[in-house]
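Colleague: Provided herewith: start15.pdb, PDB, C-alpha atoms.
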```pdb
ATOM      1  CA  MET G   1       0.000   0.000   0.000
ATOM      2  CA  GLU G   2       1.380   3.395  -0.973
ATOM      3  CA  PHE G   3       1.877   6.179   1.529
ATOM      4  CA  GLY G   4      -0.772   8.437  -0.098
ATOM      5  CA  THR G   5      -3.340   5.633   0.065
ATOM      6  CA  GLN G   6      -2.645   5.144   3.773
ATOM      7  CA  ILE G   7      -3.261   8.847   4.411
ATOM      8  CA  ASN G   8      -6.573   8.761   2.499
ATOM      9  CA  ILE G   9      -7.744   5.688   4.441
ATOM     10  CA  ARG G  10      -6.764   7.353   7.720
ATOM     11  CA  ARG G  11      -8.702  10.514   6.764
ATOM     12  CA  ARG G  12     -11.822   8.482   5.936
ATOM     13  CA  VAL G  13     -11.631   6.748   9.318
ATOM     14  CA  GLU G  14     -11.069  10.065  11.093
ATOM     15  CA  MET G  15     -14.024  11.610   9.233
ATOM     16  CA  GLU G  16     -16.446   8.893  10.309
ATOM     17  CA  VAL G  17     -19.759  10.235  11.570
ATOM     18  CA  LYS G  18     -19.779   9.588  15.330
ATOM     19  CA  ALA G  19     -23.142  11.041  16.302
ATOM     20  CA  GLU G  20     -26.037  13.172  15.150
ATOM     21  CA  THR G  21     -27.656  16.211  16.730
ATOM     22  CA  TYR G  22     -30.964  18.034  16.584
ATOM     23  CA  TYR G  23     -31.100  21.656  17.710
ATOM     24  CA  LYS G  24     -32.664  23.584  14.815
ATOM     25  CA  SER G  25     -36.120  23.088  13.337
ATOM     26  CA  GLU G  26     -34.629  22.088   9.979
ATOM     27  CA  HIS G  27     -32.880  19.136  11.656
ATOM     28  CA  ALA G  28     -36.227  17.448  12.340
ATOM     29  CA  SER G  29     -36.068  15.578   9.035
ATOM     30  CA  ALA G  30     -32.282  15.166   8.867
ATOM     31  CA  TRP G  31     -30.210  15.427  12.026
ATOM     32  CA  GLN G  32     -26.844  17.175  11.683
ATOM     33  CA  GLU G  33     -23.808  14.906  11.648
ATOM     34  CA  ILE G  34     -21.048  15.170  14.253
ATOM     35  CA  VAL G  35     -17.656  14.120  12.898
ATOM     36  CA  GLU G  36     -15.053  15.994  14.944
ATOM     37  CA  PRO G  37     -14.821  17.820  18.287
ATOM     38  CA  GLU G  38     -15.197  21.198  16.557
ATOM     39  CA  ASP G  39     -18.692  20.127  15.466
ATOM     40  CA  VAL G  40     -19.689  19.801  19.127
ATOM     41  CA  ASP G  41     -18.234  23.246  19.847
ATOM     42  CA  ARG G  42     -20.258  24.752  16.966
ATOM     43  CA  VAL G  43     -23.475  23.315  18.402
ATOM     44  CA  ILE G  44     -22.762  24.623  21.918
ATOM     45  CA  ASP G  45     -21.722  28.030  20.537
ATOM     46  CA  PHE G  46     -24.994  28.238  18.576
ATOM     47  CA  LEU G  47     -26.970  27.473  21.747
ATOM     48  CA  LEU G  48     -25.042  30.137  23.659
ATOM     49  CA  ALA G  49     -25.935  32.900  21.175
ATOM     50  CA  PRO G  50     -28.047  35.455  23.063
ATOM     51  CA  ASP G  51     -30.640  35.684  20.261
ATOM     52  CA  LYS G  52     -31.456  31.948  20.388
ATOM     53  CA  GLU G  53     -33.941  31.958  23.295
ATOM     54  CA  TYR G  54     -35.981  29.063  21.892
ATOM     55  CA  HIS G  55     -32.890  27.199  20.737
ATOM     56  CA  SER G  56     -31.053  26.689  24.023
ATOM     57  CA  ALA G  57     -30.853  22.892  23.989
ATOM     58  CA  ALA G  58     -29.754  20.082  21.698
ATOM     59  CA  MET G  59     -30.383  16.371  21.511
ATOM     60  CA  PHE G  60     -27.499  14.085  20.556
ATOM     61  CA  ARG G  61     -27.568  10.452  19.537
ATOM     62  CA  SER G  62     -24.511   8.250  19.355
ATOM     63  CA  LEU G  63     -24.119   6.060  16.304
ATOM     64  CA  LYS G  64     -22.063   3.616  18.397
ATOM     65  CA  ARG G  65     -25.062   2.506  20.487
ATOM     66  CA  GLN G  66     -27.731  -0.040  19.708
ATOM     67  CA  VAL G  67     -30.870   0.744  17.746
ATOM     68  CA  LEU G  68     -34.194  -0.579  19.064
ATOM     69  CA  PRO G  69     -36.361  -2.904  16.916
ATOM     70  CA  SER G  70     -38.496   0.183  16.161
ATOM     71  CA  GLY G  71     -35.475   1.743  14.464
ATOM     72  CA  GLN G  72     -35.172   4.389  17.187
ATOM     73  CA  PRO G  73     -32.007   4.930  19.266
ATOM     74  CA  ASP G  74     -31.806   3.167  22.637
ATOM     75  CA  HIS G  75     -30.920   6.418  24.387
ATOM     76  CA  GLN G  76     -31.598  10.129  24.680
ATOM     77  CA  PHE G  77     -28.832  12.611  25.481
ATOM     78  CA  THR G  78     -30.071  16.199  25.874
ATOM     79  CA  VAL G  79     -27.986  19.270  26.680
ATOM     80  CA  GLY G  80     -29.317  22.692  27.704
ATOM     81  CA  VAL G  81     -27.359  25.909  28.184
ATOM     82  CA  ASN G  82     -28.041  29.424  29.415
ATOM     83  CA  PRO G  83     -26.087  32.150  27.582
ATOM     84  CA  GLY G  84     -26.645  34.609  30.453
ATOM     85  CA  ASN G  85     -24.774  32.711  33.143
ATOM     86  CA  ARG G  86     -22.917  30.225  30.872
ATOM     87  CA  MET G  87     -24.286  27.320  32.880
ATOM     88  CA  GLY G  88     -26.284  24.356  31.661
ATOM     89  CA  ALA G  89     -27.332  20.784  32.296
ATOM     90  CA  ILE G  90     -27.355  17.350  30.692
ATOM     91  CA  MET G  91     -29.936  14.577  30.848
ATOM     92  CA  PHE G  92     -29.231  11.046  29.643
ATOM     93  CA  GLY G  93     -31.778   8.274  29.377
ATOM     94  CA  CYS G  94     -31.009   4.681  28.436
ATOM     95  CA  ASP G  95     -31.822   1.112  29.467
ATOM     96  CA  LYS G  96     -29.841   1.620  32.705
ATOM     97  CA  GLY G  97     -32.095   4.500  33.804
ATOM     98  CA  ASP G  98     -32.470   8.242  33.618
ATOM     99  CA  PHE G  99     -29.636  10.501  34.730
ATOM    100  CA  ALA G 100     -28.973  14.235  35.065
ATOM    101  CA  THR G 101     -25.833  16.109  35.927
ATOM    102  CA  ILE G 102     -25.387  17.171  39.551
ATOM    103  CA  GLY G 103     -24.635  20.824  40.047
ATOM    104  CA  ASP G 104     -25.725  23.927  41.872
ATOM    105  CA  ARG G 105     -29.054  24.095  43.666
ATOM    106  CA  GLU G 106     -30.772  27.428  43.108
ATOM    107  CA  SER G 107     -34.466  28.342  43.340
ATOM    108  CA  GLY G 108     -35.926  24.850  43.532
ATOM    109  CA  ASP G 109     -37.622  25.312  40.155
ATOM    110  CA  GLU G 110     -37.009  23.036  37.205
ATOM    111  CA  LEU G 111     -34.695  24.410  34.534
ATOM    112  CA  LEU G 112     -36.325  25.089  31.175
ATOM    113  CA  TYR G 113     -34.445  24.995  27.888
ATOM    114  CA  HIS G 114     -35.772  24.674  24.334
ATOM    115  CA  VAL G 115     -34.818  22.188  21.619
ATOM    116  CA  ALA G 116     -35.812  23.940  18.365
ATOM    117  CA  GLY G 117     -38.690  25.638  20.182
ATOM    118  CA  HIS G 118     -39.833  22.552  22.143
ATOM    119  CA  GLU G 119     -39.631  22.677  25.928
ATOM    120  CA  ALA G 120     -37.058  20.509  27.693
ATOM    121  CA  PHE G 121     -37.170  20.441  31.500
ATOM    122  CA  PHE G 122     -34.167  19.551  33.664
ATOM    123  CA  PRO G 123     -33.880  19.061  37.459
ATOM    124  CA  GLU G 124     -33.109  22.291  39.313
ATOM    125  CA  ASN G 125     -29.899  20.973  40.825
ATOM    126  CA  SER G 126     -28.367  19.873  37.518
ATOM    127  CA  LYS G 127     -26.618  23.126  36.516
ATOM    128  CA  ILE G 128     -22.919  22.904  35.677
ATOM    129  CA  PRO G 129     -20.496  25.230  33.834
ATOM    130  CA  VAL G 130     -20.636  25.133  30.029
ATOM    131  CA  ALA G 131     -16.970  24.054  29.870
ATOM    132  CA  PHE G 132     -17.940  20.793  31.632
ATOM    133  CA  ILE G 133     -20.869  20.359  29.261
ATOM    134  CA  ARG G 134     -18.551  20.637  26.247
ATOM    135  CA  ASP G 135     -16.256  17.983  27.739
ATOM    136  CA  ALA G 136     -19.147  15.643  28.578
ATOM    137  CA  VAL G 137     -20.718  15.912  25.119
ATOM    138  CA  LYS G 138     -17.370  15.216  23.469
ATOM    139  CA  GLU G 139     -16.814  12.211  25.737
ATOM    140  CA  PHE G 140     -20.297  10.892  24.896
ATOM    141  CA  VAL G 141     -19.856  11.429  21.145
ATOM    142  CA  PHE G 142     -16.282  10.211  20.752
ATOM    143  CA  SER G 143     -16.421   7.176  23.039
ATOM    144  CA  ASP G 144     -18.991   4.401  23.090
ATOM    145  CA  GLY G 145     -22.002   6.647  23.728
ATOM    146  CA  GLY G 146     -22.081   5.775  27.416
ATOM    147  CA  LEU G 147     -22.537   7.953  30.461
ATOM    148  CA  PRO G 148     -19.613  10.438  30.471
ATOM    149  CA  GLY G 149     -17.311  10.095  33.478
ATOM    150  CA  CYS G 150     -16.034  13.677  33.421
ATOM    151  CA  VAL G 151     -19.140  15.023  35.237
ATOM    152  CA  ASP G 152     -21.124  13.831  38.257
ATOM    153  CA  TRP G 153     -24.555  12.269  37.751
ATOM    154  CA  GLN G 154     -27.731  11.744  39.753
ATOM    155  CA  SER G 155     -30.058   8.905  38.815
ATOM    156  CA  GLY G 156     -33.800   8.432  38.856
ATOM    157  CA  VAL G 157     -34.663  11.871  37.498
TER     158      VAL G 157
END
```
Let me see whether you can do it: turn the structure in this file into structure tokens.
Modeller:
Amino acid sequence: MEFGTQINIRRRVEMEVKAETYYKSEHASAWQEIVEPEDVDRVIDFLLAPDKEYHSAAMFRSLKRQVLPSGQPDHQFTVGVNPGNRMGAIMFGCDKGDFATIGDRESGDELLYHVAGHEAFFPENSKIPVAFIRDAVKEFVFSDGGLPGCVDWQSGV
């Protein structure tokens, strides 16, 4: 195998779609592909834009996880962020249960974010800094699609 061929094969492997995300209305029919860490950053940056009030959350699905007989993913990974305080939360549901990040406790009210205009509620004590959210999403996307270990989780939410 020639050197140039090896580079092209390596690029194709590196460019493999790892996950998909839905955070804009136009993604309803075709989720956006996530190939590299910068794709995750672009999604989070979009959500942090101050003019995106009804676009403050995103759903991700790993292509490394199982698909149910219905053709649907066996999990739901949802991220919400607040551009005002640069905090957010993550919820992850799978066959092992429902989980949310553990963070600051504030008013006692649920947190409300919006995925393409649709409400997404999170537990009130699930707020963590956006930097941790970026790391957790990247870990989810670029590993096996399991519960990220870089943040703390509460179960049964």
Colleague: Between G:Met87, G:Ala100, G:Val137, G:Val81, which is the closest to G:Tyr54 once you count only C-alpha atoms?
Modeller: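 Closest candidate: G:Val81.
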Colleague: For stretch 76-79 of chain G, work out the shell of residues within 7 Å, counting all atoms listed in the file and skipping chain neighbours fewer than 5 positions away, then give it as a PyMOL selection string.
Modeller: chain G and resi 57-61+89-94
Colleague: Return as CSV the residues of stretch 21-112 of chain G lying at most 9 Å from stretch 152-156 of chain G, together with the closest atom-to-atom pair for each and the distance in Å to one decimal, counting all atoms listed in the file, with rows in chain order and ascending residue number.
Modeller:
```
residue,atom,partner,partner_atom,distance
G:Gly97,CA,G:Gly156,CA,6.6
G:Asp98,CA,G:Gly156,CA,5.4
G:Phe99,CA,G:Ser155,CA,4.4
G:Ala100,CA,G:Gln154,CA,5.5
G:Thr101,CA,G:Trp153,CA,4.4
G:Ile102,CA,G:Trp153,CA,5.3
G:Gly103,CA,G:Asp152,CA,8.0
```
Colleague: Written as a list in words, which residues does the PyMOL selection byres ((chain G and resi 113) around 8) give for the file shown?
Modeller: Tyr54, His55, Ser56, Ala57, Gly80, Val81, Asn82, Leu111, Leu112, His114, Val115, Glu119, Ala120, Phe121 and Phe122 of chain G
Colleague: Just the number, please: distance in Å from atom CA of G:Ala136 to atom CA of G:Ser62, one decimal.
Modeller: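 Taking atom CA of G:Ala136 as the start and atom CA of G:Ser62 as the end point, the length is 13.0 Å.
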Colleague: What does the distance from atom CA of G:Val130 to atom CA of G:Pro148 come to in Å, to one decimal?
Modeller: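 A separation of 14.7 Å between them.
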Colleague: Could you check how far atom CA of G:Ile133 sits from atom CA of G:Gly149, in Å to one decimal?
Modeller: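 Distance between the two atoms: 11.7 Å.
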Colleague: Have a look at G:Val141, G:Ala116, G:Leu147, G:Val43 and name the one nearest to G:Ser25; count only C-alpha atoms.
Modeller: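 With only C-alpha atoms as the atom set, the closest residue is G:Ala116.
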Colleague: Could you name the residues that touch G:Ala30 at 12 Å or less, counting all atoms listed in the file, but leaving out those on the same chain fewer than 5 positions away, as a list in words?
Modeller: Glu20, Thr21, Tyr22, Tyr23, Lys24 and Ser25 of chain G
Colleague: Counting only C-alpha atoms, what is within 12 Å of G:Leu63, bar same-chain residues fewer than 6 positions away, as number ranges by chain?
Modeller: G: 16-21, 31, 33-35, 72-76, 140-146
Colleague: For a quick check of understanding, using all atoms listed in the file, which of G:His27, G:Glu110, G:Arg86, G:Met15 has the smallest distance to G:Leu47?
Modeller: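 Smallest distance to G:Leu47 is found for G:Arg86.
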Colleague: Nearest to G:Gly88 among G:Gly71, G:Pro50, G:Pro129, G:Gly117, with distances taken over only C-alpha atoms: which residue is it?
Modeller: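 With only C-alpha atoms as the atom set, the closest residue is G:Pro129.
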Colleague: Which is closest to G:Arg134 among G:Val67, G:Ala49, G:Ala28, G:Val151, if we use all atoms listed in the file?
Modeller: G:Val151
